[in-house]
$ cat target05.tsv   # TSV, C-alpha atoms (C1' of nucleotides)
chain	number	residue	atom	x	y	z
A	29	MET	CA	-14.00	-5.33	-14.54
A	30	ILE	CA	-14.27	-8.96	-13.52
A	31	LYS	CA	-14.54	-11.26	-16.53
A	32	LYS	CA	-15.58	-14.69	-15.42
A	33	GLU	CA	-19.21	-15.40	-15.36
A	34	THR	CA	-19.28	-16.13	-11.68
A	35	ILE	CA	-20.18	-12.55	-10.95
A	36	THR	CA	-23.42	-11.36	-12.48
A	37	GLU	CA	-24.14	-8.04	-14.16
A	38	LYS	CA	-26.55	-7.36	-11.37
A	39	GLN	CA	-23.86	-7.79	-8.75
A	40	GLU	CA	-21.52	-5.57	-10.72
A	41	LYS	CA	-24.16	-2.91	-10.94
A	42	THR	CA	-25.07	-3.13	-7.29
A	43	ALA	CA	-21.42	-2.89	-6.36
A	44	ARG	CA	-21.05	0.16	-8.60
A	45	TYR	CA	-23.90	1.92	-6.84
A	46	ALA	CA	-22.56	0.88	-3.46
A	47	LYS	CA	-19.13	2.23	-4.29
A	48	ALA	CA	-20.59	5.60	-5.26
A	49	MET	CA	-22.46	5.68	-1.96
A	50	GLY	CA	-19.35	4.68	-0.04
A	51	HIS	CA	-18.25	8.12	1.07
A	52	PRO	CA	-19.79	10.29	3.81
A	53	ILE	CA	-20.03	13.37	1.61
A	54	ARG	CA	-21.78	11.52	-1.17
A	55	MET	CA	-24.05	9.76	1.28
A	56	TYR	CA	-24.97	13.13	2.73
A	57	VAL	CA	-25.84	14.53	-0.69
A	58	LEU	CA	-27.90	11.50	-1.62
A	59	GLU	CA	-29.87	11.55	1.60
A	60	LEU	CA	-30.49	15.26	1.25
A	61	LEU	CA	-31.71	14.92	-2.31
A	62	SER	CA	-33.85	11.94	-1.53
A	63	LYS	CA	-35.89	14.00	0.93
A	64	GLN	CA	-35.69	17.44	-0.51
A	65	SER	CA	-36.27	17.16	-4.27
A	66	CYS	CA	-33.39	19.41	-5.22
A	67	CYS	CA	-30.45	21.53	-4.12
A	68	TYR	CA	-27.73	23.80	-5.43
A	69	SER	CA	-24.10	22.94	-4.94
A	70	GLY	CA	-23.44	26.37	-3.49
A	71	ASP	CA	-25.59	25.40	-0.53
A	72	LEU	CA	-23.59	22.22	-0.13
A	73	THR	CA	-20.25	24.01	-0.14
A	74	GLU	CA	-21.39	26.08	2.81
A	75	GLU	CA	-22.60	23.13	4.82
A	76	LEU	CA	-19.81	20.73	4.08
A	77	PRO	CA	-16.17	20.84	5.18
A	78	ILE	CA	-14.73	20.72	1.67
A	79	VAL	CA	-13.90	23.22	-1.03
A	80	LYS	CA	-15.92	23.53	-4.18
A	81	SER	CA	-13.53	21.66	-6.44
A	82	THR	CA	-13.66	18.61	-4.20
A	83	LEU	CA	-17.43	18.80	-4.00
A	84	SER	CA	-17.56	19.05	-7.76
A	85	GLN	CA	-15.66	15.79	-8.02
A	86	HIS	CA	-18.02	14.01	-5.66
A	87	LEU	CA	-21.04	15.30	-7.54
A	88	LYS	CA	-19.46	14.15	-10.78
A	89	GLU	CA	-19.07	10.66	-9.38
A	90	LEU	CA	-22.71	10.54	-8.38
A	91	LYS	CA	-23.68	11.87	-11.78
A	92	ASP	CA	-21.45	9.38	-13.60
A	93	VAL	CA	-22.99	6.42	-11.81
A	94	GLY	CA	-26.40	7.87	-12.53
A	95	LEU	CA	-27.74	8.49	-9.05
A	96	ILE	CA	-28.17	12.23	-9.46
A	97	GLN	CA	-28.60	14.64	-12.32
A	98	GLY	CA	-27.89	18.32	-12.76
A	99	GLU	CA	-29.91	20.88	-14.60
A	100	ILE	CA	-28.46	24.23	-15.57
A	101	GLU	CA	-30.32	27.11	-14.04
A	102	ALA	CA	-27.85	29.82	-14.79
A	103	PRO	CA	-25.64	30.77	-13.22
A	104	ARG	CA	-26.17	27.83	-10.89
A	105	ILE	CA	-26.84	24.15	-11.34
A	106	LYS	CA	-29.80	22.47	-9.78
A	107	TYR	CA	-29.19	18.91	-8.65
A	108	CYS	CA	-31.79	16.28	-8.07
A	109	ILE	CA	-32.05	12.54	-7.72
A	110	ASN	CA	-32.14	10.60	-10.95
A	111	LYS	CA	-35.39	8.91	-10.06
A	112	GLU	CA	-35.14	6.07	-12.50
A	113	ASN	CA	-31.73	4.91	-11.35
A	114	TRP	CA	-32.45	5.67	-7.72
A	115	LYS	CA	-35.39	3.31	-8.00
A	116	GLU	CA	-33.21	0.72	-9.64
A	117	ALA	CA	-30.66	0.99	-6.85
A	118	GLN	CA	-33.42	0.70	-4.29
A	119	LEU	CA	-34.64	-2.46	-5.98
A	120	LEU	CA	-31.17	-3.96	-6.16
A	121	PHE	CA	-30.47	-3.33	-2.49
A	122	THR	CA	-33.89	-4.48	-1.42
A	123	GLU	CA	-33.42	-7.73	-3.29
A	124	LEU	CA	-29.99	-8.18	-1.81
A	125	PHE	CA	-31.15	-7.75	1.74
A	126	GLU	CA	-34.31	-9.76	1.36
A	127	SER	CA	-32.79	-12.82	-0.23
B	4	MET	CA	-13.09	11.00	9.13
B	5	ILE	CA	-15.21	14.06	8.57
B	6	LYS	CA	-15.46	16.20	11.68
B	7	LYS	CA	-18.11	18.85	11.24
B	8	GLU	CA	-21.50	18.01	12.50
B	9	THR	CA	-23.11	18.34	9.11
B	10	ILE	CA	-22.65	14.67	8.48
B	11	THR	CA	-24.37	12.37	10.92
B	12	GLU	CA	-23.06	9.21	12.52
B	13	LYS	CA	-25.77	7.37	10.66
B	14	GLN	CA	-24.56	8.66	7.33
B	15	GLU	CA	-20.98	7.76	8.20
B	16	LYS	CA	-22.05	4.27	9.12
B	17	THR	CA	-24.17	3.81	6.01
B	18	ALA	CA	-21.28	5.03	3.87
B	19	ARG	CA	-18.98	2.56	5.63
B	20	TYR	CA	-21.25	-0.34	4.83
B	21	ALA	CA	-21.70	0.90	1.27
B	22	LYS	CA	-17.98	1.13	0.78
B	23	ALA	CA	-17.50	-2.45	1.94
B	24	MET	CA	-20.18	-3.54	-0.52
B	25	GLY	CA	-18.59	-1.50	-3.30
B	26	HIS	CA	-16.64	-4.26	-4.99
B	27	PRO	CA	-17.97	-7.05	-7.20
B	28	ILE	CA	-16.17	-9.79	-5.30
B	29	ARG	CA	-17.46	-8.62	-1.95
B	30	MET	CA	-20.95	-8.13	-3.35
B	31	TYR	CA	-20.84	-11.68	-4.65
B	32	VAL	CA	-19.83	-13.05	-1.26
B	33	LEU	CA	-22.51	-11.07	0.55
B	34	GLU	CA	-25.24	-12.17	-1.80
B	35	LEU	CA	-24.13	-15.77	-1.55
B	36	LEU	CA	-24.08	-15.70	2.22
B	37	SER	CA	-27.38	-13.91	2.46
B	38	LYS	CA	-29.09	-16.80	0.69
B	39	GLN	CA	-27.02	-19.73	1.71
B	40	SER	CA	-26.35	-19.46	5.43
B	41	CYS	CA	-22.65	-20.24	5.16
B	42	CYS	CA	-19.68	-21.06	2.98
B	43	TYR	CA	-16.01	-21.90	3.09
B	44	SER	CA	-13.45	-19.67	1.47
B	45	GLY	CA	-11.96	-22.61	-0.37
B	46	ASP	CA	-15.20	-22.84	-2.33
B	47	LEU	CA	-14.97	-19.17	-3.16
B	48	THR	CA	-11.40	-19.41	-4.43
B	49	GLU	CA	-12.51	-21.99	-6.95
B	50	GLU	CA	-15.44	-19.96	-8.20
B	51	LEU	CA	-13.82	-16.57	-8.27
B	52	PRO	CA	-11.05	-15.27	-10.53
B	53	ILE	CA	-8.69	-14.28	-7.73
B	54	VAL	CA	-6.04	-15.99	-5.68
B	55	LYS	CA	-6.56	-16.90	-2.07
B	56	SER	CA	-4.55	-14.05	-0.61
B	57	THR	CA	-6.67	-11.50	-2.43
B	58	LEU	CA	-9.84	-13.23	-1.33
B	59	SER	CA	-8.56	-13.24	2.21
B	60	GLN	CA	-8.20	-9.46	2.04
B	61	HIS	CA	-11.74	-9.00	0.78
B	62	LEU	CA	-13.12	-11.27	3.48
B	63	LYS	CA	-11.15	-9.35	6.08
B	64	GLU	CA	-12.73	-6.12	4.90
B	65	LEU	CA	-16.20	-7.59	5.21
B	66	LYS	CA	-15.30	-8.93	8.62
B	67	ASP	CA	-13.83	-5.61	9.77
B	68	VAL	CA	-16.95	-3.69	8.83
B	69	GLY	CA	-19.00	-6.35	10.56
B	70	LEU	CA	-21.05	-7.73	7.70
B	71	ILE	CA	-19.74	-11.28	7.95
B	72	GLN	CA	-18.16	-13.44	10.59
B	73	GLY	CA	-15.89	-16.45	10.49
B	74	GLU	CA	-15.91	-19.49	12.66
B	75	ILE	CA	-12.97	-21.86	12.81
B	76	GLU	CA	-13.87	-25.37	11.76
B	77	ALA	CA	-10.41	-26.76	11.37
B	78	PRO	CA	-8.69	-26.81	9.05
B	79	ARG	CA	-11.16	-24.50	7.32
B	80	ILE	CA	-13.09	-21.42	8.30
B	81	LYS	CA	-16.81	-21.23	7.98
B	82	TYR	CA	-18.14	-17.83	7.01
B	83	CYS	CA	-21.64	-16.53	7.57
B	84	ILE	CA	-23.50	-13.28	7.60
B	85	ASN	CA	-23.28	-11.30	10.81
B	86	LYS	CA	-27.00	-11.16	11.20
B	87	GLU	CA	-27.13	-8.29	13.63
B	88	ASN	CA	-25.11	-5.93	11.48
B	89	TRP	CA	-26.65	-7.18	8.27
B	90	LYS	CA	-30.00	-6.22	9.72
B	91	GLU	CA	-28.66	-2.84	10.69
B	92	ALA	CA	-27.34	-2.26	7.19
B	93	GLN	CA	-30.68	-3.31	5.77
B	94	LEU	CA	-32.41	-0.81	8.00
B	95	LEU	CA	-30.03	1.99	7.10
B	96	PHE	CA	-30.43	1.43	3.38
B	97	THR	CA	-34.17	0.99	3.62
B	98	GLU	CA	-34.47	4.28	5.45
B	99	LEU	CA	-32.24	5.98	2.93
B	100	PHE	CA	-34.26	4.83	-0.04
B	101	GLU	CA	-37.63	5.41	1.55
B	102	SER	CA	-37.04	8.91	2.75
C	4	DA	C1'	-16.60	45.74	-22.38
C	5	DA	C1'	-15.39	44.75	-17.65
C	6	DC	C1'	-16.95	42.54	-13.51
C	7	DT	C1'	-19.12	38.88	-10.75
C	8	DT	C1'	-20.85	34.49	-9.78
C	9	DT	C1'	-20.82	29.63	-10.26
C	10	DG	C1'	-18.86	25.46	-11.18
C	11	DT	C1'	-15.35	22.50	-13.80
C	12	DT	C1'	-10.78	21.22	-14.92
C	13	DC	C1'	-5.83	20.96	-14.11
C	14	DG	C1'	-1.65	20.01	-11.57
C	15	DG	C1'	0.09	18.09	-7.72
C	16	DT	C1'	0.40	15.31	-3.48
C	17	DA	C1'	-0.81	11.95	-0.05
C	18	DT	C1'	-3.06	7.95	0.97
C	19	DA	C1'	-5.93	3.85	-0.13
C	20	DT	C1'	-7.19	0.05	-2.85
C	21	DT	C1'	-6.50	-4.01	-5.51
C	22	DA	C1'	-3.85	-7.54	-6.87
C	23	DC	C1'	-0.17	-11.05	-6.98
C	24	DG	C1'	3.28	-14.50	-5.29
C	25	DA	C1'	6.15	-15.97	-1.56
C	26	DA	C1'	6.62	-16.92	3.06
C	27	DC	C1'	4.56	-18.13	7.26
C	28	DA	C1'	1.35	-20.18	10.91
C	29	DA	C1'	-2.04	-23.58	12.72
C	30	DG	C1'	-3.80	-27.76	12.89
C	31	DG	C1'	-5.11	-32.37	11.18
C	32	DA	C1'	-3.37	-36.74	8.70
C	33	DA	C1'	0.06	-40.13	7.56
D	1	DT	C1'	7.71	-36.16	13.41
D	2	DT	C1'	6.93	-35.12	8.81
D	3	DC	C1'	3.58	-34.03	5.44
D	4	DC	C1'	-0.61	-31.63	3.74
D	5	DT	C1'	-4.30	-28.46	3.80
D	6	DT	C1'	-6.03	-24.01	4.77
D	7	DG	C1'	-5.83	-19.35	5.33
D	8	DT	C1'	-3.20	-15.05	6.89
D	9	DT	C1'	0.49	-11.88	6.48
D	10	DC	C1'	4.29	-9.64	4.03
D	11	DG	C1'	6.50	-7.31	0.31
D	12	DT	C1'	5.69	-5.09	-3.81
D	13	DA	C1'	3.62	-2.77	-7.71
D	14	DA	C1'	-0.03	-0.54	-10.32
D	15	DT	C1'	-3.88	2.09	-10.16
D	16	DA	C1'	-7.55	4.77	-7.90
D	17	DT	C1'	-9.25	8.00	-4.57
D	18	DA	C1'	-9.47	12.25	-2.02
D	19	DC	C1'	-8.13	16.62	-1.37
D	20	DC	C1'	-6.45	21.34	-2.17
D	21	DG	C1'	-5.50	25.75	-4.67
D	22	DA	C1'	-5.01	27.92	-9.04
D	23	DA	C1'	-6.55	28.52	-13.53
D	24	DC	C1'	-10.24	28.39	-16.64
D	25	DA	C1'	-15.02	28.62	-18.78
D	26	DA	C1'	-19.83	30.13	-19.10
D	27	DA	C1'	-23.21	33.23	-18.46
D	28	DG	C1'	-25.60	36.92	-16.19
D	29	DT	C1'	-24.78	42.09	-14.29
D	30	DT	C1'	-23.18	46.62	-14.24
$ encode --input "target05.tsv" --output "structure tokens"
Amino acid sequence: MIKKETITEKQEKTARYAKAMGHPIRMYVLELLSKQSCCYSGDLTEELPIVKSTLSQHLKELKDVGLIQGEIEAPRIKYCINKENWKEAQLLFTELFES
Amino acid sequence: MIKKETITEKQEKTARYAKAMGHPIRMYVLELLSKQSCCYSGDLTEELPIVKSTLSQHLKELKDVGLIQGEIEAPRIKYCINKENWKEAQLLFTELFES
DNA sequence: AACTTTGTTCGGTATATTACGAACAAGGAA
DNA sequence: TTCCTTGTTCGTAATATACCGAACAAAGTT
């Protein structure tokens, strides 16, 4: 965490979102969920060249940063975009690119 | 590098840009350059809480991914946005968030 | 209760990232 | 030529990331 007021909270937040998006697997999941409303991680394990434990870690990262959310639908978990934060990220990136 | 056609080239590229943007220092530099047309890294060293060698590494990363470019203006180097790639990144992120 | 399915956590390993200071290179100024 | 300024590269260290397989936990099925 940078502590010198040169860097704004906004920049920190944008960077945090960008970092979470900075991996092909996570980018894939985000794009999928942004078009498809929801998915189950079992589906992802089949499509993606990684084992479930690794996928779980990537999903956790996306959850931790707030870009997705999971809802238990036993025995599976349904993932979707966290619309509020997704919108925030969209705004942050739009502002960045338009300035 | 993921090699299983699930993940598209576009997603790989977007993730690559996102990763480069995924650090507060680099985000700061990008935002500055996107509004200000150019800057010199000496200015950045004064504003930012890092030493010049660390800054040099961050700038190299942004250069390597193609988001900025440097022009020698001895004895300094003038940095600006690489407009072509910046536009590409903008497009990729816009598409991602709008889909 | 025993089994199955689904996903997380743990332990371990390999590689990448971030950071610093020292040393080096390039070029202008004295 | 000898400084000085600027920025890169090198060596090093601490921490983070990415990945796997095995073990574990939760909850529905048989």
$ closest_residue --input "target05.tsv" --among "B:Glu91, B:Glu101, B:Glu76, B:Glu34" --to "chain D" --atoms "all atoms listed in the file"
B:Glu76
$ interface_residues --input "target05.tsv" --of "chain C" --to "chain A" --cutoff "10 Å" --atoms "all atoms listed in the file" --output "list in words"
DT8, DT9, DG10, DT11 and DT12 of chain C
$ closest_residue --input "target05.tsv" --among "A:Val79, A:Cys66, A:Leu119, A:Met55" --to "DC19 of chain D" --atoms "all atoms listed in the file"
A:Val79
$ closest_residue --input "target05.tsv" --among "A:Thr36, A:Ile96, A:Ala117, A:His51" --to "chain B" --atoms "only C-alpha atoms"
A:His51
$ interface_residues --input "target05.tsv" --of "chain D" --to "chain B" --cutoff "8 Å" --atoms "only C-alpha atoms (C1' of nucleotides)" --output "ChimeraX atom specification"
/D:5-8
$ interface_residues --input "target05.tsv" --of "chain B" --to "chain A" --cutoff "10 Å" --atoms "only C-alpha atoms" --output "ChimeraX atom specification"
/B:4-39,50-53,89-90,92-94,96-102
